[in-house]
Amino acid sequence: MASSPRKNRTTIIVVVAAVAVVVVVAVVIALGFGSTPAVAPGVTPSAPVGPSDSATPGADPTAEPGAAAPTDDPRFGEPVADSVARDGVGGFGDGVTAAISRVTAFTASGAGVGEVAGPAVRVTLSITNGSSAAVSLDSTTVNAYYGADATPAAPLSSDGSSAPFAGSLAPGETATGTYAFGTGDGAGDDIVVTVGRGAGSPLVVFGR
(Lines give C-alpha, C1' and ligand atoms only; values in the text may rest on other atoms or scores of the structure.)
Protein backbone atom coordinates (compact mmCIF):
# COMPACT_ATOMS: atom_id res chain seq x y z
CA MET A 1 0.00 0.00 0.00
CA ALA A 2 1.56 3.44 -1.04
CA SER A 3 2.35 6.05 1.61
CA SER A 4 0.25 9.16 1.61
CA PRO A 5 1.87 12.47 0.49
CA ARG A 6 1.10 14.05 3.87
CA LYS A 7 3.03 11.36 5.79
CA ASN A 8 6.02 11.73 3.48
CA ARG A 9 6.12 15.49 4.03
CA THR A 10 5.97 15.02 7.81
CA THR A 11 8.91 12.60 7.72
CA ILE A 12 11.02 15.03 5.65
CA ILE A 13 10.29 17.92 8.02
CA VAL A 14 11.32 15.84 11.06
CA VAL A 15 14.60 14.79 9.39
CA VAL A 16 15.47 18.37 8.35
CA ALA A 17 14.73 19.64 11.88
CA ALA A 18 16.96 16.96 13.43
CA VAL A 19 19.83 17.84 11.07
CA ALA A 20 19.46 21.55 11.90
CA VAL A 21 19.63 20.81 15.65
CA VAL A 22 22.80 18.75 15.17
CA VAL A 23 24.42 21.56 13.15
CA VAL A 24 23.57 24.22 15.78
CA VAL A 25 24.94 22.06 18.60
CA ALA A 26 28.16 21.46 16.65
CA VAL A 27 28.63 25.21 16.03
CA VAL A 28 28.05 26.07 19.70
CA ILE A 29 30.59 23.45 20.82
CA ALA A 30 33.16 24.69 18.29
CA LEU A 31 32.73 28.32 19.39
CA GLY A 32 33.02 27.31 23.03
CA PHE A 33 36.36 25.57 22.49
CA GLY A 34 37.77 28.34 20.30
CA SER A 35 36.94 31.32 22.56
CA THR A 36 38.73 30.20 25.71
CA PRO A 37 42.49 29.46 25.69
CA ALA A 38 43.54 26.22 27.33
CA VAL A 39 44.91 26.71 30.85
CA ALA A 40 46.54 23.98 32.89
CA PRO A 41 44.64 23.06 36.08
CA GLY A 42 45.71 25.21 39.02
CA VAL A 43 47.48 27.80 36.82
CA THR A 44 46.20 31.38 36.86
CA PRO A 45 46.48 33.13 33.48
CA SER A 46 48.86 36.09 33.64
CA ALA A 47 47.73 39.56 32.59
CA PRO A 48 49.19 41.01 29.36
CA VAL A 49 52.26 43.17 29.95
CA GLY A 50 52.05 46.64 28.37
CA PRO A 51 54.93 49.01 27.55
CA SER A 52 54.55 50.87 30.84
CA ASP A 53 54.81 47.66 32.91
CA SER A 54 58.44 47.15 31.94
CA ALA A 55 59.59 50.68 32.83
CA THR A 56 61.62 51.16 35.98
CA PRO A 57 59.89 53.59 38.40
CA GLY A 58 61.87 56.78 38.86
CA ALA A 59 64.32 56.00 36.05
CA ASP A 60 66.04 58.98 34.43
CA PRO A 61 65.04 59.01 30.74
CA THR A 62 68.24 60.88 29.82
CA ALA A 63 70.61 58.42 31.49
CA GLU A 64 72.90 56.26 29.40
CA PRO A 65 71.95 52.55 29.25
CA GLY A 66 73.53 50.69 32.15
CA ALA A 67 74.46 53.89 34.01
CA ALA A 68 73.94 53.90 37.79
CA ALA A 69 71.06 56.05 39.04
CA PRO A 70 72.17 59.37 40.61
CA THR A 71 72.13 59.42 44.41
CA ASP A 72 71.41 62.39 46.68
CA ASP A 73 74.33 64.06 48.42
CA PRO A 74 73.25 65.57 51.77
CA ARG A 75 75.85 68.31 51.43
CA PHE A 76 74.18 69.74 48.36
CA GLY A 77 70.59 68.50 48.69
CA GLU A 78 70.56 67.23 45.10
CA PRO A 79 71.33 64.00 43.26
CA VAL A 80 74.92 63.61 42.05
CA ALA A 81 75.66 61.95 38.72
CA ASP A 82 79.43 61.95 39.08
CA SER A 83 82.03 62.96 41.68
CA VAL A 84 85.61 63.38 40.47
CA ALA A 85 88.89 65.04 41.45
CA ARG A 86 89.27 68.72 40.68
CA ASP A 87 91.34 67.90 37.60
CA GLY A 88 89.01 65.14 36.42
CA VAL A 89 86.20 65.00 33.87
CA GLY A 90 82.70 64.40 35.22
CA GLY A 91 79.70 63.09 33.28
CA PHE A 92 76.02 63.99 33.67
CA GLY A 93 74.97 60.55 32.45
CA ASP A 94 73.63 61.63 29.04
CA GLY A 95 76.84 62.09 27.08
CA VAL A 96 77.46 65.64 28.34
CA THR A 97 80.61 66.18 30.45
CA ALA A 98 82.17 68.98 32.49
CA ALA A 99 85.71 69.80 33.58
CA ILE A 100 87.49 72.55 35.53
CA SER A 101 90.05 74.38 33.41
CA ARG A 102 91.61 76.41 36.23
CA VAL A 103 91.05 77.85 39.70
CA THR A 104 92.64 81.22 40.42
CA ALA A 105 92.86 82.83 43.86
CA PHE A 106 92.41 86.61 44.16
CA THR A 107 91.23 89.25 46.62
CA ALA A 108 87.66 90.41 46.07
CA SER A 109 86.81 94.09 46.41
CA GLY A 110 83.26 93.42 47.59
CA ALA A 111 81.83 96.00 45.18
CA GLY A 112 78.47 94.31 44.68
CA VAL A 113 75.42 94.45 46.95
CA GLY A 114 75.93 92.04 49.85
CA GLU A 115 79.43 91.09 48.72
CA VAL A 116 82.31 91.03 51.19
CA ALA A 117 85.89 91.99 50.38
CA GLY A 118 88.48 89.32 51.03
CA PRO A 119 89.84 86.00 49.75
CA ALA A 120 88.12 84.68 46.65
CA VAL A 121 88.56 82.32 43.71
CA ARG A 122 87.73 82.42 40.01
CA VAL A 123 86.70 79.06 38.60
CA THR A 124 86.79 78.48 34.85
CA LEU A 125 84.97 75.40 33.58
CA SER A 126 84.14 73.73 30.29
CA ILE A 127 81.09 71.73 29.24
CA THR A 128 81.34 69.38 26.26
CA ASN A 129 78.31 68.00 24.47
CA GLY A 130 79.08 64.40 23.61
CA SER A 131 75.44 63.56 22.90
CA SER A 132 73.66 63.53 19.53
CA ALA A 133 71.39 66.51 20.26
CA ALA A 134 71.88 70.16 21.21
CA VAL A 135 71.63 70.98 24.92
CA SER A 136 70.68 74.25 26.59
CA LEU A 137 73.14 75.87 28.98
CA ASP A 138 70.82 78.71 30.05
CA SER A 139 69.89 77.00 33.34
CA THR A 140 73.43 75.90 34.25
CA THR A 141 74.32 76.47 37.91
CA VAL A 142 77.84 76.50 39.34
CA ASN A 143 78.40 76.61 43.11
CA ALA A 144 81.43 76.36 45.37
CA TYR A 145 81.85 75.13 48.94
CA TYR A 146 84.77 75.33 51.34
CA GLY A 147 85.88 73.96 54.70
CA ALA A 148 85.18 70.69 56.47
CA ASP A 149 81.47 71.54 56.76
CA ALA A 150 81.12 72.37 53.04
CA THR A 151 80.21 76.01 53.72
CA PRO A 152 78.66 77.64 50.63
CA ALA A 153 81.00 80.18 49.03
CA ALA A 154 79.39 83.53 48.21
CA PRO A 155 78.94 84.24 44.46
CA LEU A 156 80.65 87.47 43.37
CA SER A 157 78.54 88.76 40.50
CA SER A 158 80.42 92.09 40.43
CA ASP A 159 83.69 90.45 39.41
CA GLY A 160 84.51 91.61 35.91
CA SER A 161 85.82 88.21 34.81
CA SER A 162 82.54 86.37 35.46
CA ALA A 163 81.06 84.86 32.30
CA PRO A 164 78.27 82.35 33.06
CA PHE A 165 77.28 79.55 30.68
CA ALA A 166 74.45 80.48 28.30
CA GLY A 167 72.88 79.54 24.99
CA SER A 168 72.65 76.23 23.17
CA LEU A 169 75.54 73.79 22.83
CA ALA A 170 75.61 71.74 19.61
CA PRO A 171 76.74 68.11 19.53
CA GLY A 172 80.52 67.80 19.64
CA GLU A 173 80.99 71.43 20.79
CA THR A 174 82.55 72.77 24.03
CA ALA A 175 81.56 75.92 25.94
CA THR A 176 83.47 77.76 28.67
CA GLY A 177 82.19 79.67 31.70
CA THR A 178 83.87 81.60 34.53
CA TYR A 179 82.49 82.13 38.05
CA ALA A 180 83.86 84.01 41.08
CA PHE A 181 83.27 83.13 44.75
CA GLY A 182 84.25 84.60 48.10
CA THR A 183 85.86 81.82 50.11
CA GLY A 184 86.38 83.42 53.55
CA ASP A 185 89.58 82.93 55.54
CA GLY A 186 91.59 81.96 52.47
CA ALA A 187 90.04 78.51 52.04
CA GLY A 188 90.27 78.63 48.25
CA ASP A 189 92.69 75.70 48.05
CA ASP A 190 90.10 73.38 49.62
CA ILE A 191 86.99 74.22 47.61
CA VAL A 192 84.46 71.82 46.14
CA VAL A 193 82.71 72.90 42.94
CA THR A 194 79.34 71.60 41.72
CA VAL A 195 77.86 71.97 38.25
CA GLY A 196 74.22 71.39 37.36
CA ARG A 197 72.26 71.94 34.15
CA GLY A 198 68.94 72.91 35.66
CA ALA A 199 65.82 71.08 36.81
CA GLY A 200 65.97 67.34 36.26
CA SER A 201 69.73 67.26 35.78
CA PRO A 202 71.95 65.78 38.52
CA LEU A 203 75.17 67.46 39.65
CA VAL A 204 78.76 66.83 38.73
CA VAL A 205 80.99 67.40 41.78
CA PHE A 206 84.66 68.36 41.65
CA GLY A 207 86.82 68.00 44.74
CA ARG A 208 86.74 65.76 47.77
# chains A, B, ... in the order shown; residues from 1 in each chain; ligands from 1
>>> residues_around(residues="Ala166 of chain A", least_positions_apart="6", cutoff="9 Å", atoms="only C-alpha atoms", output="MDAnalysis selection string")
chainID A and resid 136:140 175 177
>>> residues_around(residues="segment 187-203 of chain A", least_positions_apart="2", cutoff="9 Å", atoms="only C-alpha atoms", output="VMD selection string")
chain A and resid 60 62 70 to 72 76 78 to 83 86 91 to 93 98 100 103 to 105 119 to 121 123 136 to 148 150 153 182 to 185 205 to 208
>>> closest_residue(among="A:Leu156, A:Asp149, A:Pro74, A:Thr124", to="Thr178 of chain A", atoms="only C-alpha atoms")
A:Thr124
>>> atom_distance(atom1="atom CA of Val204 of chain A", atom2="atom CA of Thr97 of chain A")
8.5 Å
>>> atom_distance(atom1="atom CA of Gly130 of chain A", atom2="atom CA of Tyr179 of chain A")
23.1 Å
>>> atom_distance(atom1="atom CA of Gly118 of chain A", atom2="atom CA of Arg102 of chain A")
19.9 Å
>>> residues_around(residues="Val135 of chain A", least_positions_apart="6", cutoff="8 Å", atoms="only C-alpha atoms", output="number ranges by chain")
A: 129, 168-171
